[in-house]
$ cat run-v8.csv   # CSV, C-alpha atoms
chain,number,residue,atom,x,y,z
I,1,GLY,CA,122.9,67.0,96.0
I,2,ASP,CA,126.6,67.7,96.0
I,3,SER,CA,128.9,65.6,98.2
I,4,VAL,CA,132.5,65.0,99.0
I,5,THR,CA,134.0,61.8,100.3
I,6,GLN,CA,137.4,61.6,101.9
I,7,MET,CA,139.4,58.7,103.2
I,8,GLU,CA,139.0,58.0,106.9
I,9,GLY,CA,141.9,59.0,109.1
I,10,PRO,CA,144.0,59.3,110.9
I,11,VAL,CA,146.9,58.8,108.5
I,12,THR,CA,150.2,58.3,110.3
I,13,LEU,CA,153.4,58.6,108.3
I,14,SER,CA,157.1,59.0,109.0
I,15,GLU,CA,158.8,62.2,108.0
I,16,GLU,CA,159.8,62.2,104.3
I,17,ALA,CA,157.2,59.6,103.4
I,18,PHE,CA,154.9,60.0,100.4
I,19,LEU,CA,151.4,61.2,101.2
I,20,THR,CA,148.1,60.5,99.4
I,21,ILE,CA,144.8,61.5,100.8
I,22,ASN,CA,141.9,60.4,98.6
I,23,CYS,CA,139.0,62.6,97.7
I,24,THR,CA,136.1,61.9,95.4
I,25,TYR,CA,133.0,64.0,94.7
I,26,THR,CA,129.5,64.0,93.4
I,27,ALA,CA,128.2,67.1,91.8
I,28,THR,CA,126.2,68.3,88.8
I,29,GLY,CA,127.7,70.8,86.5
I,30,TYR,CA,131.3,71.9,86.7
I,31,PRO,CA,132.4,72.4,90.3
I,32,SER,CA,135.6,74.0,91.5
I,33,LEU,CA,137.6,71.9,93.9
I,34,PHE,CA,139.6,72.8,96.9
I,35,TRP,CA,141.8,71.4,99.6
I,36,TYR,CA,141.8,73.2,103.0
I,37,VAL,CA,144.2,72.6,105.9
I,38,GLN,CA,143.5,73.1,109.6
I,39,TYR,CA,146.4,73.2,112.0
I,40,PRO,CA,145.7,72.6,115.7
I,41,GLY,CA,143.8,75.5,117.3
I,42,GLU,CA,143.3,77.4,114.1
I,43,GLY,CA,140.7,77.9,111.4
I,44,LEU,CA,140.8,76.3,108.0
I,45,GLN,CA,143.2,77.7,105.4
I,46,LEU,CA,143.0,77.3,101.7
I,47,LEU,CA,145.8,75.0,100.6
I,48,LEU,CA,145.2,74.7,96.8
I,49,LYS,CA,142.4,74.7,94.3
I,50,ALA,CA,141.5,73.7,90.7
I,51,THR,CA,138.6,75.2,88.8
I,52,LYS,CA,138.3,72.9,85.7
I,53,ALA,CA,139.1,69.4,84.6
I,54,ASP,CA,142.8,68.4,84.3
I,55,ASP,CA,143.9,71.5,86.3
I,56,LYS,CA,146.5,70.9,88.8
I,57,GLY,CA,146.5,72.9,92.0
I,58,SER,CA,149.8,73.1,94.0
I,59,ASN,CA,151.1,74.9,97.1
I,60,LYS,CA,153.8,74.2,99.7
I,61,GLY,CA,154.8,70.9,97.9
I,62,PHE,CA,151.2,69.6,97.9
I,63,GLU,CA,149.5,68.8,94.6
I,64,ALA,CA,146.1,67.7,93.5
I,65,THR,CA,144.7,67.2,89.9
I,66,TYR,CA,141.1,67.7,89.0
I,67,ARG,CA,140.1,64.3,87.4
I,68,LYS,CA,136.6,64.6,85.9
I,69,GLU,CA,136.6,61.1,84.5
I,70,THR,CA,137.1,59.6,88.0
I,71,THR,CA,135.4,62.5,89.9
I,72,SER,CA,138.5,62.7,92.1
I,73,PHE,CA,140.9,65.3,93.5
I,74,HIS,CA,143.5,63.3,95.5
I,75,LEU,CA,146.0,65.3,97.6
I,76,GLU,CA,149.6,64.3,97.3
I,77,LYS,CA,153.0,65.3,98.7
I,78,GLY,CA,156.3,63.7,97.9
I,79,SER,CA,158.0,64.1,101.3
I,80,VAL,CA,156.0,65.1,104.3
I,81,GLN,CA,157.3,67.0,107.3
I,82,VAL,CA,156.3,67.0,111.0
I,83,SER,CA,154.9,70.5,110.4
I,84,ASP,CA,152.4,69.0,107.9
I,85,SER,CA,150.5,67.4,110.8
I,86,ALA,CA,147.0,68.8,110.5
I,87,VAL,CA,143.5,68.0,109.3
I,88,TYR,CA,142.9,68.2,105.6
I,89,PHE,CA,139.5,69.0,104.1
I,90,CYS,CA,138.5,68.4,100.5
I,91,ALA,CA,135.7,70.7,99.3
I,92,LEU,CA,133.8,71.7,96.2
I,93,VAL,CA,131.6,74.6,95.1
I,94,ASN,CA,129.1,74.2,92.4
I,95,THR,CA,128.5,77.3,90.3
I,96,GLY,CA,124.8,76.7,90.8
I,97,THR,CA,124.9,76.8,94.6
I,98,ALA,CA,125.6,80.5,95.2
I,99,SER,CA,129.2,80.1,96.4
I,100,LYS,CA,128.4,77.6,99.1
I,101,LEU,CA,131.3,75.2,99.7
I,102,THR,CA,130.5,71.5,100.4
I,103,PHE,CA,133.2,70.0,102.7
I,104,GLY,CA,134.3,66.5,103.2
I,105,THR,CA,134.6,65.2,106.8
I,106,GLY,CA,138.4,65.8,107.0
I,107,THR,CA,141.4,63.5,107.2
I,108,ARG,CA,143.8,63.9,110.1
I,109,LEU,CA,147.5,63.5,109.2
I,110,GLN,CA,150.1,62.7,111.8
I,111,VAL,CA,153.7,62.9,110.8
I,112,THR,CA,156.3,61.4,113.2
I,113,LEU,CA,160.1,61.6,113.2
O,1,ASP,CA,144.0,93.1,105.5
O,2,ALA,CA,143.8,91.5,109.0
O,3,GLY,CA,141.7,88.6,107.7
O,4,VAL,CA,138.4,87.5,109.2
O,5,ILE,CA,138.3,88.5,112.9
O,6,GLN,CA,136.2,86.6,115.4
O,7,SER,CA,135.6,87.4,119.0
O,8,PRO,CA,135.9,86.2,121.6
O,9,ARG,CA,138.5,83.4,121.1
O,10,HIS,CA,137.2,81.5,124.1
O,11,GLU,CA,133.9,81.7,125.9
O,12,VAL,CA,132.8,79.7,128.9
O,13,THR,CA,129.2,80.2,130.0
O,14,GLU,CA,126.6,78.5,132.2
O,15,MET,CA,123.7,76.7,130.8
O,16,GLY,CA,120.8,79.0,130.1
O,17,GLN,CA,122.8,82.1,129.5
O,18,GLU,CA,122.8,84.0,126.3
O,19,VAL,CA,126.0,83.9,124.2
O,20,THR,CA,126.9,86.2,121.4
O,21,LEU,CA,129.7,85.5,118.9
O,22,ARG,CA,131.0,88.2,116.7
O,23,CYS,CA,132.6,88.2,113.2
O,24,LYS,CA,134.2,90.9,111.1
O,25,PRO,CA,134.6,89.7,107.5
O,26,ILE,CA,137.3,90.8,105.0
O,27,SER,CA,136.5,94.1,103.5
O,28,GLY,CA,134.9,93.7,100.0
O,29,HIS,CA,133.8,90.1,100.6
O,30,ASP,CA,130.1,89.8,99.9
O,31,TYR,CA,129.5,86.3,101.4
O,32,LEU,CA,129.7,85.4,105.1
O,33,PHE,CA,129.3,81.9,106.5
O,34,TRP,CA,128.9,80.6,110.0
O,35,TYR,CA,130.1,77.1,110.7
O,36,ARG,CA,130.2,74.9,113.8
O,37,GLN,CA,132.8,72.2,114.3
O,38,THR,CA,132.6,69.3,116.8
O,39,MET,CA,134.4,66.0,117.0
O,40,MET,CA,131.2,64.1,116.6
O,41,ARG,CA,129.6,66.0,113.7
O,42,GLY,CA,132.6,67.6,112.0
O,43,LEU,CA,132.1,70.9,110.2
O,44,GLU,CA,128.5,72.0,109.8
O,45,LEU,CA,127.3,75.0,107.9
O,46,LEU,CA,124.8,76.9,110.1
O,47,ILE,CA,123.9,79.9,107.9
O,48,TYR,CA,125.2,82.1,105.2
O,49,PHE,CA,124.7,85.7,104.0
O,50,ASN,CA,125.1,87.4,100.7
O,51,ASN,CA,125.3,91.2,100.7
O,52,ASN,CA,124.1,91.1,104.4
O,53,VAL,CA,121.0,89.1,103.5
O,54,PRO,CA,120.5,85.6,105.0
O,55,ILE,CA,120.4,83.1,102.1
O,56,ASP,CA,120.2,79.7,103.7
O,57,ASP,CA,119.7,79.1,107.4
O,58,SER,CA,118.7,75.5,107.1
O,59,GLY,CA,121.7,74.4,109.1
O,60,MET,CA,120.7,76.4,112.2
O,61,PRO,CA,119.9,73.7,114.7
O,62,GLU,CA,117.1,75.2,116.7
O,63,ASP,CA,115.2,78.4,117.3
O,64,ARG,CA,117.7,79.1,120.1
O,65,PHE,CA,120.2,80.0,117.4
O,66,SER,CA,119.9,83.3,115.5
O,67,ALA,CA,122.3,85.2,113.3
O,68,LYS,CA,122.3,88.8,112.0
O,69,MET,CA,124.4,90.8,109.6
O,70,PRO,CA,123.5,94.5,110.1
O,71,ASN,CA,126.1,95.7,107.8
O,72,ALA,CA,128.9,94.5,105.5
O,73,SER,CA,131.5,94.6,108.2
O,74,PHE,CA,129.8,92.8,111.1
O,75,SER,CA,127.9,89.7,111.9
O,76,THR,CA,126.7,88.0,115.1
O,77,LEU,CA,125.6,84.5,116.0
O,78,LYS,CA,123.5,84.4,119.2
O,79,ILE,CA,122.5,81.4,121.2
O,80,GLN,CA,119.7,81.9,123.8
O,81,PRO,CA,119.4,80.0,126.0
O,82,SER,CA,122.7,78.1,125.7
O,83,GLU,CA,122.9,74.3,126.4
O,84,PRO,CA,125.9,72.0,127.1
O,85,ARG,CA,125.4,70.4,123.7
O,86,ASP,CA,126.2,73.7,122.0
O,87,SER,CA,129.8,73.4,123.1
O,88,ALA,CA,131.9,73.5,119.9
O,89,VAL,CA,134.2,75.7,117.9
O,90,TYR,CA,132.3,78.2,115.9
O,91,PHE,CA,133.9,79.6,112.7
O,92,CYS,CA,133.1,82.5,110.6
O,93,ALA,CA,134.3,82.7,107.0
O,94,SER,CA,133.9,85.1,104.2
O,95,SER,CA,134.4,85.0,100.4
O,96,SER,CA,134.1,87.2,97.4
O,97,GLY,CA,132.0,84.6,95.7
O,98,GLY,CA,130.9,84.5,92.1
O,99,GLY,CA,133.1,85.5,89.1
O,100,THR,CA,134.3,83.6,86.1
O,101,GLY,CA,136.4,80.7,86.9
O,102,GLY,CA,134.8,80.0,90.2
O,103,ASP,CA,137.3,81.5,92.6
O,104,TYR,CA,135.1,80.8,95.6
O,105,GLY,CA,137.9,80.3,98.2
O,106,TYR,CA,136.9,81.1,101.7
O,107,THR,CA,138.9,82.9,104.3
O,108,PHE,CA,138.2,81.5,107.8
O,109,GLY,CA,138.6,83.2,111.1
O,110,SER,CA,140.4,81.6,114.0
O,111,GLY,CA,137.2,80.5,115.6
O,112,THR,CA,135.4,80.9,119.0
O,113,ARG,CA,135.7,77.9,121.3
O,114,LEU,CA,132.4,77.8,123.2
O,115,THR,CA,132.0,75.8,126.4
O,116,VAL,CA,128.7,75.6,128.0
O,117,VAL,CA,128.7,74.1,131.5
$ encode --input "run-v8.csv" --output "structure tokens"
Amino acid sequence: GDSVTQMEGPVTLSEEAFLTINCTYTATGYPSLFWYVQYPGEGLQLLLKATKADDKGSNKGFEATYRKETTSFHLEKGSVQVSDSAVYFCALVNTGTASKLTFGTGTRLQVTL
Amino acid sequence: DAGVIQSPRHEVTEMGQEVTLRCKPISGHDYLFWYRQTMMRGLELLIYFNNNVPIDDSGMPEDRFSAKMPNASFSTLKIQPSEPRDSAVYFCASSSGGGTGGDYGYTFGSGTRLTVV
């Protein structure tokens, strides 16, 4: 079945550091890929998405490129802020699974001054 | 739109009591999902509906859990009787599903934090 694997956290960075959170997936067909973010005490929010190979999703300075050849969708940000501290979830939906998202386990990011 | 609305935000109940969690999805969304989040098990899909019909309830942990969606604007998740191990944050999410291009992004509610003592 479909699955998403994320790097283990927590990831601890200083403000203005470069961020990469790795995400790889296993799926049949042509999935759409997502990154969600969960701030403390809140629900998950859609951060960015990509629906086909080589698409780049971007939002709030975060980017991720859909790499079909490596089945990856790594999240990057050039300069993190303390306010980016949150849990980040990689997810996919396969067009054959009736709109059901498969989530990774989440990666906690802690940004310090 | 006010987004996905869940109530209550917090619930503390005694073991053995019935608990009902409520969700109002975004108007026009035809999919509704119930998730449970714990530190140990992460985010778990419990059940989801399409056009008010339950599609997959394989994630519902036990017969103590039940979910209904009587109409397009309301869903409930009920636990009867509740147990301490049910303590978690329960999220509801909705999406418009389908469509060319796979725009399946979910909108999550703020969750209900359930504590069973």
$ closest_atom_pairs --input "run-v8.csv" --of "chain O" --to "chain I" --cutoff "12 Å" --atoms "all atoms listed in the file" --output "Markdown table"
| residue | atom | partner | partner_atom | distance |
| --- | --- | --- | --- | --- |
| O:Gly3 | CA | I:Gln45 | CA | 11.2 |
| O:Val4 | CA | I:Gly43 | CA | 10.1 |
| O:Ile5 | CA | I:Gly43 | CA | 11.0 |
| O:Gln6 | CA | I:Gly43 | CA | 10.6 |
| O:Arg9 | CA | I:Gly41 | CA | 10.2 |
| O:His10 | CA | I:Gly41 | CA | 11.2 |
| O:His29 | CA | I:Ser99 | CA | 11.8 |
| O:Asp30 | CA | I:Ser99 | CA | 10.4 |
| O:Tyr31 | CA | I:Ser99 | CA | 8.0 |
| O:Leu32 | CA | I:Lys100 | CA | 9.9 |
| O:Phe33 | CA | I:Lys100 | CA | 8.6 |
| O:Trp34 | CA | I:Lys100 | CA | 11.3 |
| O:Tyr35 | CA | I:Gly43 | CA | 10.7 |
| O:Arg36 | CA | I:Gly43 | CA | 11.2 |
| O:Gln37 | CA | I:Gly43 | CA | 10.2 |
| O:Thr38 | CA | I:Thr105 | CA | 11.0 |
| O:Met39 | CA | I:Thr105 | CA | 10.2 |
| O:Met40 | CA | I:Thr105 | CA | 10.4 |
| O:Arg41 | CA | I:Thr105 | CA | 8.6 |
| O:Gly42 | CA | I:Thr105 | CA | 6.1 |
| O:Leu43 | CA | I:Thr105 | CA | 7.1 |
| O:Glu44 | CA | I:Phe103 | CA | 8.7 |
| O:Leu45 | CA | I:Thr102 | CA | 8.9 |
| O:Leu46 | CA | I:Lys100 | CA | 11.6 |
| O:Ile47 | CA | I:Lys100 | CA | 10.1 |
| O:Tyr48 | CA | I:Lys100 | CA | 8.2 |
| O:Phe49 | CA | I:Lys100 | CA | 10.2 |
| O:Asn50 | CA | I:Ala98 | CA | 8.8 |
| O:Ile55 | CA | I:Ala98 | CA | 9.0 |
| O:Asp56 | CA | I:Lys100 | CA | 9.6 |
| O:Val89 | CA | I:Gly43 | CA | 9.5 |
| O:Tyr90 | CA | I:Gly43 | CA | 9.5 |
| O:Phe91 | CA | I:Gly43 | CA | 7.1 |
| O:Cys92 | CA | I:Gly43 | CA | 8.9 |
| O:Ala93 | CA | I:Gly43 | CA | 9.1 |
| O:Ser94 | CA | I:Ser99 | CA | 10.4 |
| O:Ser95 | CA | I:Ser99 | CA | 8.2 |
| O:Ser96 | CA | I:Ser99 | CA | 8.7 |
| O:Gly97 | CA | I:Ser99 | CA | 5.3 |
| O:Gly98 | CA | I:Ser99 | CA | 6.4 |
| O:Gly99 | CA | I:Thr95 | CA | 9.5 |
| O:Thr100 | CA | I:Thr95 | CA | 9.5 |
| O:Gly101 | CA | I:Thr51 | CA | 6.2 |
| O:Gly102 | CA | I:Ser32 | CA | 6.2 |
| O:Asp103 | CA | I:Thr51 | CA | 7.5 |
| O:Tyr104 | CA | I:Ser99 | CA | 6.0 |
| O:Gly105 | CA | I:Leu46 | CA | 6.9 |
| O:Tyr106 | CA | I:Leu46 | CA | 7.2 |
| O:Thr107 | CA | I:Gln45 | CA | 6.8 |
| O:Phe108 | CA | I:Gly43 | CA | 5.7 |
| O:Gly109 | CA | I:Gly43 | CA | 5.7 |
| O:Ser110 | CA | I:Gly43 | CA | 4.5 |
| O:Gly111 | CA | I:Gly43 | CA | 6.1 |
| O:Thr112 | CA | I:Gly43 | CA | 9.7 |
| O:Arg113 | CA | I:Gly41 | CA | 9.3 |
$ residues_near_point --input "run-v8.csv" --point "(154.3, 70.6, 95.7)" --cutoff "10 Å" --atoms "all atoms listed in the file" --output "PDB file with C-alpha atoms, in the coordinates of the input"
ATOM      1  CA  GLY I  57     146.500  72.900  92.000  1.00  0.00           C
ATOM      2  CA  SER I  58     149.800  73.100  94.000  1.00  0.00           C
ATOM      3  CA  ASN I  59     151.100  74.900  97.100  1.00  0.00           C
ATOM      4  CA  LYS I  60     153.800  74.200  99.700  1.00  0.00           C
ATOM      5  CA  GLY I  61     154.800  70.900  97.900  1.00  0.00           C
ATOM      6  CA  PHE I  62     151.200  69.600  97.900  1.00  0.00           C
ATOM      7  CA  GLU I  63     149.500  68.800  94.600  1.00  0.00           C
ATOM      8  CA  ALA I  64     146.100  67.700  93.500  1.00  0.00           C
ATOM      9  CA  GLU I  76     149.600  64.300  97.300  1.00  0.00           C
ATOM     10  CA  LYS I  77     153.000  65.300  98.700  1.00  0.00           C
ATOM     11  CA  GLY I  78     156.300  63.700  97.900  1.00  0.00           C
ATOM     12  CA  SER I  79     158.000  64.100 101.300  1.00  0.00           C
TER      13      SER I  79
END
$ axis_aligned_box --input "run-v8.csv" --around "segment 45-51 of chain O" --padding-each-side "8 Å" --output "JSON"
{"center_x": 125.6, "center_y": 83.1, "center_z": 105.4, "size_x": 19.4, "size_y": 32.2, "size_z": 25.4}
$ residues_around --input "run-v8.csv" --residues "Met15 of chain O" --least-positions-apart "3" --cutoff "10 Å" --atoms "all atoms listed in the file" --output "list in words"
Val12, Glu18, Gln80, Pro81, Ser82, Glu83, Pro84, Arg85, Asp86, Thr115, Val116 and Val117 of chain O
$ residues_around --input "run-v8.csv" --residues "Val111 of chain I" --least-positions-apart "2" --cutoff "12 Å" --atoms "all atoms listed in the file" --output "PyMOL selection string"
chain I and resi 10-19+79-87+108-109+113
$ atom_distance --input "run-v8.csv" --atom1 "atom CA of Thr107 of chain I" --atom2 "atom CA of Met7 of chain I"
6.6 Å
$ closest_residue --input "run-v8.csv" --among "I:His74, I:Tyr88, I:Gly1, I:Asp55" --to "Cys23 of chain I" --atoms "all atoms listed in the file"
I:His74
$ atom_distance --input "run-v8.csv" --atom1 "atom CA of Glu14 of chain O" --atom2 "atom CA of Ala88 of chain O"
14.3 Å
$ build_atoms --input "run-v8.csv" --residues "segment 42-53 of chain I" --atoms "all heavy atoms" --output "PDB file, keeping the file's coordinate frame"
ATOM      1  N   GLU I  42     143.507  76.315 115.056  1.00  0.00           N
ATOM      2  CA  GLU I  42     143.300  77.400 114.100  1.00  0.00           C
ATOM      3  C   GLU I  42     142.118  77.112 113.175  1.00  0.00           C
ATOM      4  O   GLU I  42     141.533  76.032 113.196  1.00  0.00           O
ATOM      5  CB  GLU I  42     144.586  77.510 113.197  1.00  0.00           C
ATOM      6  CG  GLU I  42     145.827  77.885 113.980  1.00  0.00           C
ATOM      7  CD  GLU I  42     147.023  78.077 113.069  1.00  0.00           C
ATOM      8  OE1 GLU I  42     146.845  78.174 111.833  1.00  0.00           O
ATOM      9  OE2 GLU I  42     148.146  78.133 113.608  1.00  0.00           O
ATOM     10  N   GLY I  43     141.766  78.116 112.378  1.00  0.00           N
ATOM     11  CA  GLY I  43     140.700  77.900 111.400  1.00  0.00           C
ATOM     12  C   GLY I  43     141.256  77.249 110.147  1.00  0.00           C
ATOM     13  O   GLY I  43     142.453  76.946 110.054  1.00  0.00           O
ATOM     14  N   LEU I  44     140.372  76.988 109.210  1.00  0.00           N
ATOM     15  CA  LEU I  44     140.800  76.300 108.000  1.00  0.00           C
ATOM     16  C   LEU I  44     141.483  77.355 107.061  1.00  0.00           C
ATOM     17  O   LEU I  44     141.076  78.515 106.984  1.00  0.00           O
ATOM     18  CB  LEU I  44     139.566  75.759 107.233  1.00  0.00           C
ATOM     19  CG  LEU I  44     139.028  74.422 107.721  1.00  0.00           C
ATOM     20  CD1 LEU I  44     138.345  74.547 109.066  1.00  0.00           C
ATOM     21  CD2 LEU I  44     138.076  73.823 106.690  1.00  0.00           C
ATOM     22  N   GLN I  45     142.505  76.889 106.368  1.00  0.00           N
ATOM     23  CA  GLN I  45     143.200  77.700 105.400  1.00  0.00           C
ATOM     24  C   GLN I  45     143.182  77.080 104.047  1.00  0.00           C
ATOM     25  O   GLN I  45     143.345  75.873 103.940  1.00  0.00           O
ATOM     26  CB  GLN I  45     144.694  77.897 105.821  1.00  0.00           C
ATOM     27  CG  GLN I  45     144.939  78.456 107.186  1.00  0.00           C
ATOM     28  CD  GLN I  45     146.414  78.404 107.554  1.00  0.00           C
ATOM     29  OE1 GLN I  45     147.289  78.424 106.684  1.00  0.00           O
ATOM     30  NE2 GLN I  45     146.702  78.343 108.840  1.00  0.00           N
ATOM     31  N   LEU I  46     142.985  77.878 103.027  1.00  0.00           N
ATOM     32  CA  LEU I  46     143.000  77.300 101.700  1.00  0.00           C
ATOM     33  C   LEU I  46     144.411  76.865 101.331  1.00  0.00           C
ATOM     34  O   LEU I  46     145.382  77.628 101.442  1.00  0.00           O
ATOM     35  CB  LEU I  46     142.556  78.415 100.682  1.00  0.00           C
ATOM     36  CG  LEU I  46     142.542  78.002  99.215  1.00  0.00           C
ATOM     37  CD1 LEU I  46     141.553  76.874  98.970  1.00  0.00           C
ATOM     38  CD2 LEU I  46     142.198  79.210  98.335  1.00  0.00           C
ATOM     39  N   LEU I  47     144.534  75.611 100.922  1.00  0.00           N
ATOM     40  CA  LEU I  47     145.800  75.000 100.600  1.00  0.00           C
ATOM     41  C   LEU I  47     146.049  75.116  99.051  1.00  0.00           C
ATOM     42  O   LEU I  47     147.091  75.574  98.592  1.00  0.00           O
ATOM     43  CB  LEU I  47     145.908  73.593 101.043  1.00  0.00           C
ATOM     44  CG  LEU I  47     147.200  72.833 100.765  1.00  0.00           C
ATOM     45  CD1 LEU I  47     148.383  73.525 101.418  1.00  0.00           C
ATOM     46  CD2 LEU I  47     147.086  71.391 101.248  1.00  0.00           C
ATOM     47  N   LEU I  48     145.070  74.649  98.298  1.00  0.00           N
ATOM     48  CA  LEU I  48     145.200  74.700  96.800  1.00  0.00           C
ATOM     49  C   LEU I  48     143.790  74.543  96.236  1.00  0.00           C
ATOM     50  O   LEU I  48     142.846  74.123  96.923  1.00  0.00           O
ATOM     51  CB  LEU I  48     146.146  73.661  96.311  1.00  0.00           C
ATOM     52  CG  LEU I  48     145.932  72.200  96.703  1.00  0.00           C
ATOM     53  CD1 LEU I  48     144.904  71.536  95.799  1.00  0.00           C
ATOM     54  CD2 LEU I  48     147.237  71.438  96.636  1.00  0.00           C
ATOM     55  N   LYS I  49     143.705  74.844  94.947  1.00  0.00           N
ATOM     56  CA  LYS I  49     142.400  74.700  94.300  1.00  0.00           C
ATOM     57  C   LYS I  49     142.595  74.428  92.808  1.00  0.00           C
ATOM     58  O   LYS I  49     143.689  74.617  92.248  1.00  0.00           O
ATOM     59  CB  LYS I  49     141.635  76.054  94.438  1.00  0.00           C
ATOM     60  CG  LYS I  49     142.279  77.225  93.713  1.00  0.00           C
ATOM     61  CD  LYS I  49     141.525  78.505  93.937  1.00  0.00           C
ATOM     62  CE  LYS I  49     142.206  79.661  93.190  1.00  0.00           C
ATOM     63  NZ  LYS I  49     141.576  80.964  93.489  1.00  0.00           N
ATOM     64  N   ALA I  50     141.509  73.963  92.180  1.00  0.00           N
ATOM     65  CA  ALA I  50     141.500  73.700  90.700  1.00  0.00           C
ATOM     66  C   ALA I  50     140.069  74.015  90.260  1.00  0.00           C
ATOM     67  O   ALA I  50     139.098  73.609  90.897  1.00  0.00           O
ATOM     68  CB  ALA I  50     141.861  72.281  90.407  1.00  0.00           C
ATOM     69  N   THR I  51     139.958  74.728  89.175  1.00  0.00           N
ATOM     70  CA  THR I  51     138.600  75.200  88.800  1.00  0.00           C
ATOM     71  C   THR I  51     138.082  74.491  87.542  1.00  0.00           C
ATOM     72  O   THR I  51     136.912  74.679  87.215  1.00  0.00           O
ATOM     73  CB  THR I  51     138.680  76.714  88.482  1.00  0.00           C
ATOM     74  OG1 THR I  51     139.670  76.963  87.470  1.00  0.00           O
ATOM     75  CG2 THR I  51     139.039  77.485  89.734  1.00  0.00           C
ATOM     76  N   LYS I  52     138.887  73.675  86.871  1.00  0.00           N
ATOM     77  CA  LYS I  52     138.300  72.900  85.700  1.00  0.00           C
ATOM     78  C   LYS I  52     139.105  71.638  85.550  1.00  0.00           C
ATOM     79  O   LYS I  52     140.202  71.442  86.092  1.00  0.00           O
ATOM     80  CB  LYS I  52     138.379  73.761  84.456  1.00  0.00           C
ATOM     81  CG  LYS I  52     139.756  74.198  83.989  1.00  0.00           C
ATOM     82  CD  LYS I  52     139.623  75.045  82.755  1.00  0.00           C
ATOM     83  CE  LYS I  52     140.981  75.380  82.139  1.00  0.00           C
ATOM     84  NZ  LYS I  52     141.816  76.182  83.027  1.00  0.00           N
ATOM     85  N   ALA I  53     138.517  70.745  84.781  1.00  0.00           N
ATOM     86  CA  ALA I  53     139.100  69.400  84.600  1.00  0.00           C
ATOM     87  C   ALA I  53     140.518  69.487  84.075  1.00  0.00           C
ATOM     88  O   ALA I  53     140.863  70.326  83.237  1.00  0.00           O
ATOM     89  CB  ALA I  53     138.209  68.632  83.603  1.00  0.00           C
TER      90      ALA I  53
END
